[in-house]
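This is coords25.txt. It holds compact mmCIF, C-alpha atoms and all ligand atoms.
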```
# COMPACT_ATOMS: atom_id res chain seq x y z
CA MET F 1 34.50 10.59 -9.19
CA ALA F 2 31.69 9.87 -6.71
CA SER F 3 28.29 9.28 -8.31
CA GLU F 4 25.46 11.73 -7.60
CA GLN F 5 22.92 8.96 -8.13
CA LEU F 6 20.73 8.35 -5.08
CA SER F 7 20.74 4.83 -3.69
CA VAL F 8 17.20 3.54 -3.13
CA LEU F 9 16.52 0.35 -1.19
CA ILE F 10 13.17 -1.42 -1.60
CA THR F 11 12.20 -3.93 1.09
CA GLY F 12 9.58 -6.67 0.62
CA ALA F 13 10.76 -7.14 -2.98
CA GLY F 14 8.66 -10.30 -3.47
CA GLY F 15 5.44 -8.36 -2.87
CA GLN F 16 2.97 -6.64 -5.16
CA LEU F 17 3.97 -2.99 -4.68
CA ALA F 18 7.70 -3.72 -4.85
CA GLN F 19 7.19 -5.55 -8.15
CA CYS F 20 5.27 -2.52 -9.44
CA ILE F 21 8.20 -0.27 -8.46
CA LYS F 22 10.49 -2.63 -10.37
CA HIS F 23 8.09 -2.46 -13.34
CA VAL F 24 8.39 1.36 -13.62
CA MET F 25 11.97 1.88 -12.39
CA ALA F 26 13.58 1.99 -15.84
CA ASP F 27 12.23 5.53 -16.27
CA PHE F 28 14.14 6.81 -13.24
CA ASP F 29 17.81 7.52 -12.70
CA TYR F 30 18.44 6.00 -9.28
CA ALA F 31 20.54 3.08 -8.08
CA PHE F 32 17.83 0.60 -7.06
CA TYR F 33 18.36 -2.30 -4.67
CA PHE F 34 15.46 -4.73 -4.30
CA LYS F 35 15.62 -7.05 -1.28
CA ASP F 36 13.09 -9.76 -0.61
CA ARG F 37 12.37 -11.20 2.82
CA LYS F 38 15.20 -13.73 2.52
CA ALA F 39 17.77 -11.02 1.73
CA LEU F 40 16.43 -8.51 4.26
CA ASP F 41 14.12 -9.49 7.11
CA ILE F 42 12.87 -6.31 8.78
CA THR F 43 12.43 -8.16 12.08
CA ASP F 44 16.20 -8.78 12.14
CA SER F 45 18.23 -5.67 13.04
CA ASP F 46 21.53 -7.26 11.94
CA SER F 47 20.06 -7.98 8.54
CA ILE F 48 18.82 -4.39 8.18
CA ASN F 49 22.11 -2.94 9.36
CA ARG F 50 24.13 -5.03 6.93
CA VAL F 51 21.95 -4.24 3.91
CA LEU F 52 21.74 -0.50 4.67
CA ASP F 53 25.54 -0.37 4.78
CA GLU F 54 26.11 -2.62 1.75
CA THR F 55 23.76 -0.59 -0.41
CA ASN F 56 24.84 2.77 1.00
CA SER F 57 21.15 3.68 1.01
CA ASP F 58 19.95 7.28 0.82
CA ILE F 59 16.26 6.38 0.81
CA VAL F 60 14.42 3.24 1.89
CA ILE F 61 10.99 2.37 0.50
CA ASN F 62 9.45 -0.08 2.94
CA THR F 63 6.84 -2.23 1.24
CA ALA F 64 7.51 -5.20 3.55
CA ALA F 65 4.50 -6.05 5.68
CA TYR F 66 2.39 -8.79 7.16
CA THR F 67 -0.67 -8.38 4.90
CA GLN F 68 -2.90 -11.38 5.68
CA VAL F 69 -5.82 -9.46 7.14
CA ASP F 70 -7.90 -12.46 8.28
CA LEU F 71 -5.00 -14.58 9.54
CA ALA F 72 -3.76 -11.62 11.59
CA GLU F 73 -6.73 -12.15 13.93
CA THR F 74 -5.10 -15.41 15.08
CA GLU F 75 -1.45 -14.72 14.14
CA THR F 76 -1.60 -11.36 15.91
CA GLU F 77 1.83 -11.65 17.48
CA GLN F 78 3.40 -12.32 14.09
CA ALA F 79 1.52 -9.39 12.52
CA PHE F 80 2.82 -7.04 15.24
CA ALA F 81 6.34 -8.53 15.03
CA ILE F 82 6.51 -7.39 11.40
CA ASN F 83 4.16 -4.40 11.10
CA HIS F 84 5.13 -2.83 14.42
CA LEU F 85 8.48 -4.12 15.71
CA GLY F 86 9.99 -4.71 12.27
CA VAL F 87 9.00 -1.24 11.13
CA ALA F 88 10.29 0.25 14.39
CA ASN F 89 13.65 -1.52 13.83
CA LEU F 90 13.91 -0.21 10.31
CA ALA F 91 12.92 3.34 11.30
CA LYS F 92 15.38 3.40 14.21
CA LEU F 93 18.31 2.24 12.06
CA CYS F 94 17.40 4.61 9.23
CA ALA F 95 17.22 7.48 11.74
CA GLU F 96 20.64 6.57 13.18
CA LYS F 97 22.20 6.48 9.72
CA GLY F 98 20.44 9.62 8.42
CA ILE F 99 18.48 7.67 5.80
CA LYS F 100 15.08 8.93 4.58
CA LEU F 101 12.16 6.51 4.76
CA ILE F 102 8.99 5.99 2.74
CA HIS F 103 6.58 3.66 4.49
CA ILE F 104 3.26 2.27 3.29
CA SER F 105 0.22 2.01 5.53
CA THR F 106 -3.47 1.34 5.14
CA ASP F 107 -7.09 2.51 5.26
CA TYR F 108 -7.59 -0.16 7.97
CA VAL F 109 -6.24 2.28 10.58
CA PHE F 110 -9.69 3.94 10.40
CA ASP F 111 -12.93 2.55 11.84
CA GLY F 112 -14.79 2.55 8.50
CA LYS F 113 -17.83 4.22 10.03
CA SER F 114 -17.49 7.53 8.18
CA ASP F 115 -19.55 8.47 5.15
CA GLN F 116 -17.00 10.85 3.65
CA PRO F 117 -13.38 10.36 2.58
CA TYR F 118 -10.90 10.14 5.47
CA LEU F 119 -8.37 12.93 5.87
CA GLU F 120 -4.82 12.37 7.14
CA THR F 121 -5.82 14.23 10.31
CA ASP F 122 -8.93 12.16 11.08
CA PRO F 123 -8.79 10.08 14.26
CA THR F 124 -7.61 6.50 13.80
CA ALA F 125 -9.53 3.60 15.35
CA PRO F 126 -8.53 0.29 13.77
CA GLN F 127 -11.10 -2.48 14.06
CA THR F 128 -8.82 -5.41 13.18
CA ALA F 129 -5.54 -6.88 14.42
CA TYR F 130 -3.95 -6.04 11.05
CA GLY F 131 -5.12 -2.42 11.36
CA ARG F 132 -3.81 -2.14 14.92
CA SER F 133 -0.44 -3.58 13.91
CA LYS F 134 -0.15 -1.14 10.99
CA LEU F 135 -1.11 1.79 13.24
CA ALA F 136 1.59 0.77 15.73
CA GLY F 137 4.06 0.85 12.82
CA GLU F 138 2.87 4.34 11.85
CA LEU F 139 3.52 5.61 15.37
CA ALA F 140 7.00 4.07 15.36
CA ILE F 141 7.83 5.91 12.12
CA GLN F 142 6.61 9.23 13.52
CA GLN F 143 8.64 8.78 16.72
CA ALA F 144 11.89 7.73 15.04
CA ALA F 145 13.51 11.14 14.44
CA LEU F 146 14.05 10.33 10.78
CA PRO F 147 15.72 13.00 8.63
CA ALA F 148 12.61 12.84 6.40
CA PHE F 149 9.71 10.43 5.92
CA TRP F 150 6.50 9.89 4.02
CA LEU F 151 3.96 7.64 5.60
CA ILE F 152 1.69 6.83 2.67
CA ARG F 153 -1.67 5.23 3.43
CA THR F 154 -3.21 3.41 0.51
CA ALA F 155 -6.03 0.92 -0.04
CA TRP F 156 -7.54 -1.71 -2.35
CA LEU F 157 -4.26 -2.17 -4.25
CA TYR F 158 -4.35 -4.24 -7.41
CA SER F 159 -2.03 -4.89 -10.32
CA ILE F 160 -0.80 -7.69 -12.55
CA TYR F 161 1.48 -8.74 -9.66
CA GLY F 162 0.85 -10.67 -6.44
CA LYS F 163 -2.52 -11.63 -5.01
CA ASN F 164 -5.30 -9.10 -5.33
CA PHE F 165 -9.02 -8.69 -6.02
CA TYR F 166 -8.50 -7.87 -9.71
CA LYS F 167 -6.68 -11.14 -10.35
CA THR F 168 -9.11 -13.13 -8.20
CA ILE F 169 -12.10 -11.87 -10.20
CA LEU F 170 -10.34 -12.60 -13.51
CA ASN F 171 -9.49 -16.13 -12.36
CA LEU F 172 -12.98 -16.89 -11.04
CA ALA F 173 -14.57 -15.51 -14.19
CA GLN F 174 -12.74 -18.17 -16.24
CA THR F 175 -14.73 -20.96 -14.60
CA ARG F 176 -17.99 -19.40 -13.35
CA ASP F 177 -21.07 -18.05 -15.09
CA GLU F 178 -22.03 -15.99 -12.08
CA LEU F 179 -20.12 -14.30 -9.24
CA GLY F 180 -21.59 -12.90 -6.00
CA VAL F 181 -19.65 -9.80 -4.91
CA VAL F 182 -20.26 -7.63 -1.84
CA ASN F 183 -21.97 -4.35 -2.49
CA ASP F 184 -21.96 -2.82 1.01
CA GLN F 185 -18.26 -1.96 1.40
CA THR F 186 -17.00 1.18 -0.31
CA GLY F 187 -13.41 2.12 -1.04
CA ALA F 188 -11.10 3.37 -3.77
CA PRO F 189 -9.59 0.70 -6.04
CA THR F 190 -5.97 1.70 -6.54
CA GLN F 191 -3.65 0.64 -9.34
CA ALA F 192 -0.40 -0.25 -7.56
CA LEU F 193 1.57 0.88 -10.64
CA ASP F 194 0.12 4.40 -10.14
CA LEU F 195 1.37 4.45 -6.54
CA ALA F 196 4.77 3.12 -7.65
CA ARG F 197 5.02 5.87 -10.29
CA PHE F 198 3.98 8.57 -7.84
CA ILE F 199 6.69 7.50 -5.40
CA LEU F 200 9.48 7.41 -7.97
CA GLU F 201 8.43 10.61 -9.74
CA ASN F 202 8.49 12.52 -6.45
CA LEU F 203 11.34 10.76 -4.66
CA SER F 204 13.79 13.64 -5.04
CA LYS F 205 11.34 15.97 -3.26
CA LEU F 206 11.32 13.96 -0.01
CA ASP F 207 12.56 16.30 2.72
CA ARG F 208 11.97 17.39 6.30
CA GLU F 209 9.49 20.13 5.28
CA ASN F 210 7.09 17.78 3.48
CA SER F 211 7.54 14.86 5.90
CA GLY F 212 4.30 13.41 7.23
CA ILE F 213 1.25 11.32 6.46
CA TYR F 214 -0.28 11.23 2.96
CA HIS F 215 -3.21 9.38 1.46
CA PHE F 216 -2.66 7.91 -2.00
CA VAL F 217 -5.61 6.16 -3.65
CA ASN F 218 -6.99 6.51 -7.15
CA SER F 219 -9.75 9.12 -7.26
CA GLY F 220 -13.45 8.28 -7.03
CA GLN F 221 -15.02 5.46 -5.07
CA ALA F 222 -16.63 2.08 -5.63
CA THR F 223 -18.05 -0.95 -3.90
CA TRP F 224 -16.35 -4.30 -4.52
CA TYR F 225 -19.39 -5.08 -6.71
CA ASP F 226 -18.80 -1.92 -8.82
CA PHE F 227 -15.12 -2.81 -9.12
CA ALA F 228 -15.89 -6.41 -10.14
CA CYS F 229 -18.38 -5.22 -12.81
CA ALA F 230 -15.73 -2.86 -14.21
CA ILE F 231 -13.12 -5.65 -14.31
CA ILE F 232 -15.53 -7.98 -16.12
CA ASP F 233 -16.42 -5.22 -18.64
CA GLN F 234 -12.81 -4.23 -19.23
CA ASN F 235 -11.91 -7.80 -20.08
CA ALA F 236 -15.05 -8.32 -22.22
CA LEU F 237 -16.06 -11.33 -20.12
CA LYS F 238 -19.57 -12.78 -20.01
CA THR F 239 -19.73 -13.71 -16.28
CA ALA F 240 -22.74 -12.19 -14.47
CA VAL F 241 -21.89 -10.22 -11.33
CA VAL F 242 -24.51 -10.33 -8.58
CA PRO F 243 -24.51 -7.85 -5.66
CA VAL F 244 -24.53 -9.53 -2.23
CA SER F 245 -24.34 -8.39 1.38
CA SER F 246 -21.13 -8.88 3.40
CA ASN F 247 -23.25 -10.84 5.91
CA GLN F 248 -23.28 -13.60 3.30
CA TYR F 249 -19.46 -13.70 3.33
CA PRO F 250 -18.33 -13.69 6.98
CA THR F 251 -14.58 -13.19 7.41
CA ALA F 252 -12.35 -13.44 10.50
CA ALA F 253 -11.53 -9.72 10.26
CA THR F 254 -14.47 -7.37 9.77
CA ARG F 255 -13.91 -5.18 6.71
CA PRO F 256 -14.55 -1.42 6.98
CA ARG F 257 -17.97 -0.43 5.59
CA TYR F 258 -16.48 2.76 4.15
CA SER F 259 -12.78 3.45 3.77
CA VAL F 260 -12.30 5.96 0.97
CA LEU F 261 -9.19 8.05 1.64
CA ASP F 262 -9.17 11.74 0.73
CA ASN F 263 -6.18 12.18 -1.61
CA SER F 264 -6.28 15.99 -1.94
CA LYS F 265 -3.30 16.67 0.38
CA ILE F 266 -0.86 14.62 -1.72
CA GLN F 267 -2.22 16.13 -4.97
CA LYS F 268 -1.82 19.69 -3.68
CA THR F 269 1.53 19.22 -1.94
CA PHE F 270 3.20 17.68 -4.97
CA ASN F 271 1.09 19.38 -7.65
CA TYR F 272 0.27 15.88 -8.84
CA SER F 273 -2.98 14.73 -10.40
CA ILE F 274 -4.21 11.28 -9.35
CA ARG F 275 -6.47 9.76 -11.97
CA HIS F 276 -9.89 8.20 -11.41
CA TRP F 277 -9.92 4.49 -10.63
CA ARG F 278 -11.98 3.75 -13.76
CA GLU F 279 -9.32 5.39 -15.95
CA ALA F 280 -6.53 3.60 -14.07
CA LEU F 281 -8.25 0.26 -14.70
CA GLN F 282 -7.92 0.83 -18.45
CA GLY F 283 -4.11 0.66 -18.00
N1 LIG S 301 -2.61 -4.88 -0.94
C1 LIG S 301 -3.46 -3.96 -0.51
O1 LIG S 301 -4.63 -3.90 -0.92
C2 LIG S 301 -2.99 -2.93 0.48
C3 LIG S 301 -3.93 -2.02 0.97
C4 LIG S 301 -3.50 -1.05 1.88
C5 LIG S 301 -2.18 -1.00 2.28
N2 LIG S 301 -1.31 -1.92 1.82
C6 LIG S 301 0.07 -1.85 2.29
O2 LIG S 301 0.89 -1.69 1.15
C7 LIG S 301 2.16 -2.31 1.37
C8 LIG S 301 2.49 -3.22 0.19
O3 LIG S 301 1.46 -4.18 0.06
P1 LIG S 301 1.54 -5.34 -1.01
O4 LIG S 301 0.20 -5.48 -1.62
O5 LIG S 301 2.74 -5.18 -1.89
O6 LIG S 301 1.75 -6.59 -0.02
P2 LIG S 301 2.38 -8.04 -0.32
O7 LIG S 301 2.21 -8.37 -1.76
O8 LIG S 301 1.82 -8.95 0.71
O9 LIG S 301 3.93 -7.81 -0.06
C9 LIG S 301 4.48 -7.71 1.21
C10 LIG S 301 5.84 -8.34 1.15
O10 LIG S 301 6.47 -8.19 2.43
C11 LIG S 301 7.20 -9.37 2.68
N3 LIG S 301 7.49 -9.53 4.11
C12 LIG S 301 6.70 -10.03 5.08
N4 LIG S 301 7.37 -10.04 6.25
C13 LIG S 301 8.59 -9.54 6.01
C14 LIG S 301 9.74 -9.30 6.81
N5 LIG S 301 9.75 -9.62 8.12
N6 LIG S 301 10.84 -8.77 6.24
C15 LIG S 301 10.85 -8.47 4.91
N7 LIG S 301 9.81 -8.69 4.10
C16 LIG S 301 8.69 -9.20 4.64
C17 LIG S 301 6.30 -10.47 2.16
O11 LIG S 301 7.05 -11.64 1.99
P3 LIG S 301 6.34 -13.08 2.21
O12 LIG S 301 5.40 -13.23 1.07
O13 LIG S 301 7.49 -14.00 2.23
O14 LIG S 301 5.62 -13.00 3.54
C18 LIG S 301 5.80 -9.85 0.86
O15 LIG S 301 6.67 -10.15 -0.21
C19 LIG S 301 2.06 -3.00 2.73
O16 LIG S 301 2.59 -2.15 3.71
C20 LIG S 301 0.56 -3.12 2.96
O17 LIG S 301 0.25 -3.13 4.35
C21 LIG S 301 -1.68 -2.89 0.93
```
Please express the file's structure as structure tokens.
Amino acid sequence: MASEQLSVLITGAGGQLAQCIKHVMADFDYAFYFKDRKALDITDSDSINRVLDETNSDIVINTAAYTQVDLAETETEQAFAINHLGVANLAKLCAEKGIKLIHISTDYVFDGKSDQPYLETDPTAPQTAYGRSKLAGELAIQQAALPAFWLIRTAWLYSIYGKNFYKTILNLAQTRDELGVVNDQTGAPTQALDLARFILENLSKLDRENSGIYHFVNSGQATWYDFACAIIDQNALKTAVVPVSSNQYPTAATRPRYSVLDNSKIQKTFNYSIRHWREALQG
């Protein structure tokens, strides 16, 4: 007898968010297929086609992305090849095969000049090559005539997996007595395991009616300095954290000054409470 279990394909399986999905998947009754870049390159239509057919996918969760924000300023073509053309490929093939798609995007699609949390409907104006490439991917998703899609913008992801600010601070704190951390950029630190759980808990609700853009970040806001202090406290470390200006840490890509995302739409639509970042940090 044919199984009722939905087949869920996760791209970018070597990355942070995909590993978080793997971490929580045991609680969910789906047939999961994790494919890293070697097994499924989203810039290669043949590779996508083959994997979609082999896995008989009902839903794709696309976590694959070019995520090197500073390098993207010089490797712009590569960033667009993945974040725009790769995503467009994937969306087109999913649309043709009637497969639903969950795609992850970023706060970097906004200009960072606001002083209140960004809504899904606020105008986009990316200030970096990475942000422009991710916005191009968003447009491709929206134009693809998918049977259903969620385009989930998130920000400041951290977890025990991959490279992220949380792990960087913990590593630096092992060898330094003092750390300078920027105090003039504000965002919402987001536990990637919380996003992974949200996606899997709500997966069966994905349909045409609730298709669209959603913002998922942990609630509240912080500067990188606030976040670093909380990480140091949580781990009972002795390292002193000193607030500094971003002018003292020039980067190739200018970071948004303010990029808190308003998460009320996703909470209301799915009757789902997203916890405060300080609570999420406690595990
Ligand atoms: N991390 C954050 O703070 C943050 C914030 C906002 C939004 N996001 C978005 O959230 C999503 C997940 O981020 P993450 O933190 O999990 O990123 P990540 O750890 O960098 O993972 C991305 C994965 O995609 C893979 N990949 C790159 N090009 C690919 C291709 N052509 N085909 C298939 N896979 C490819 C990468 O493989 P390689 O390592 O081999 O390149 C990597 O394993 C991304 O869409 C990102 O833009 C992240």
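You can rank F:Arg255, F:Arg197, F:Arg208, F:Lys167 by their closest distance to F:Ile274 using all atoms listed in the file, and at the top of that list sits F:Arg197.
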Of the residues F:Pro147, F:Pro117, F:Gly187, F:Gly180, which is the one nearest to ligand LIG 301 (chain S), using all atoms listed in the file?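 Using all atoms listed in the file, ligand LIG 301 (chain S) sits closest to F:Gly187.
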Write as a PyMOL selection string the residues around ligand LIG 301 (chain S), taking 7 Å as the cut-off and counting all atoms listed in the file. chain F and resi 11-18+36-37+40-43+63-67+82+86+104-107+134+153-158+162-164
Write out, as JSON lines, each residue of stretch 132-193 of chain F that has an atom at most 12 Å from stretch 248-251 of chain F, together with the closest pair of atoms and their distance in Å to one decimal, counting only C-alpha atoms, rows going by chain and rising number.
```
{"residue": "F:Gly180", "atom": "CA", "partner": "F:Gln248", "partner_atom": "CA", "distance": 9.5}
{"residue": "F:Val181", "atom": "CA", "partner": "F:Tyr249", "partner_atom": "CA", "distance": 9.1}
{"residue": "F:Val182", "atom": "CA", "partner": "F:Tyr249", "partner_atom": "CA", "distance": 8.0}
{"residue": "F:Asn183", "atom": "CA", "partner": "F:Gln248", "partner_atom": "CA", "distance": 11.0}
{"residue": "F:Asp184", "atom": "CA", "partner": "F:Gln248", "partner_atom": "CA", "distance": 11.1}
{"residue": "F:Gln185", "atom": "CA", "partner": "F:Tyr249", "partner_atom": "CA", "distance": 12.0}
```
Residues near F:Ile152, cut-off 10 Å, all atoms listed in the file, skip fewer than 4 positions along chain, as number ranges by chain: F: 102-106, 120, 138, 195, 199, 212-217, 266
Which residue gives the smallest distance to F:Ser114 among F:Gly131, F:Pro256, F:Gly98, F:Pro189, with all atoms listed in the file counted?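 The shortest atom-to-atom distance to F:Ser114 comes from F:Pro256.
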To one decimal place, how far is atom CA of F:Leu179 from atom CA of F:Pro126 in Å? 29.6 Å
Give as a PyMOL selection string the set of residues within 12 Å of the point (13.9, 12.5, 13.9), where distances use the file's coordinates and only C-alpha atoms. chain F and resi 91-101+140-149+207-208+211-212
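Interatomic distance, atom CA of F:Asp262 to atom CA of F:Tyr118: 5.3 Å.
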Residue nearest F:Ile48 - candidates F:Met25, F:Leu9, F:Ala79, F:Leu90, atoms counted: all atoms listed in the file: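 Looking at the shortest contact to F:Ile48, the residue is F:Leu90.
Here atom CA of F:Asp226 and atom CA of F:Ser273 stand 23.0 Å from one another.
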Near F:Arg132, counting only C-alpha atoms, which residues have an atom at most 10 Å away, once you skip same-chain residues fewer than 6 positions from it, shown as a list in words?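 Here the answer would be Thr76, Ala79, Phe80, Asn83, His84, Tyr108, Val109, Phe110, Thr124, Ala125, Pro126 and Glu138 of chain F.
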How big is the axis-aligned box around all listed atoms of stretch 15-22 of chain F once 4 Å goes on each side, and where's its centre, in Å to one decimal, as JSON?
```
{"center_x": 6.7, "center_y": -4.3, "center_z": -6.6, "size_x": 15.5, "size_y": 16.1, "size_z": 15.5}
```
Between F:His276, F:Leu119, F:Ala230, F:Ile169, smallest distance to F:Thr190 by only C-alpha atoms belongs to F:His276
Which is closer to F:Ala196 than all the others in F:Ile232, F:Leu85, F:Gly283, F:Ser159, using all atoms listed in the file?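 The shortest atom-to-atom distance to F:Ala196 comes from F:Ser159.
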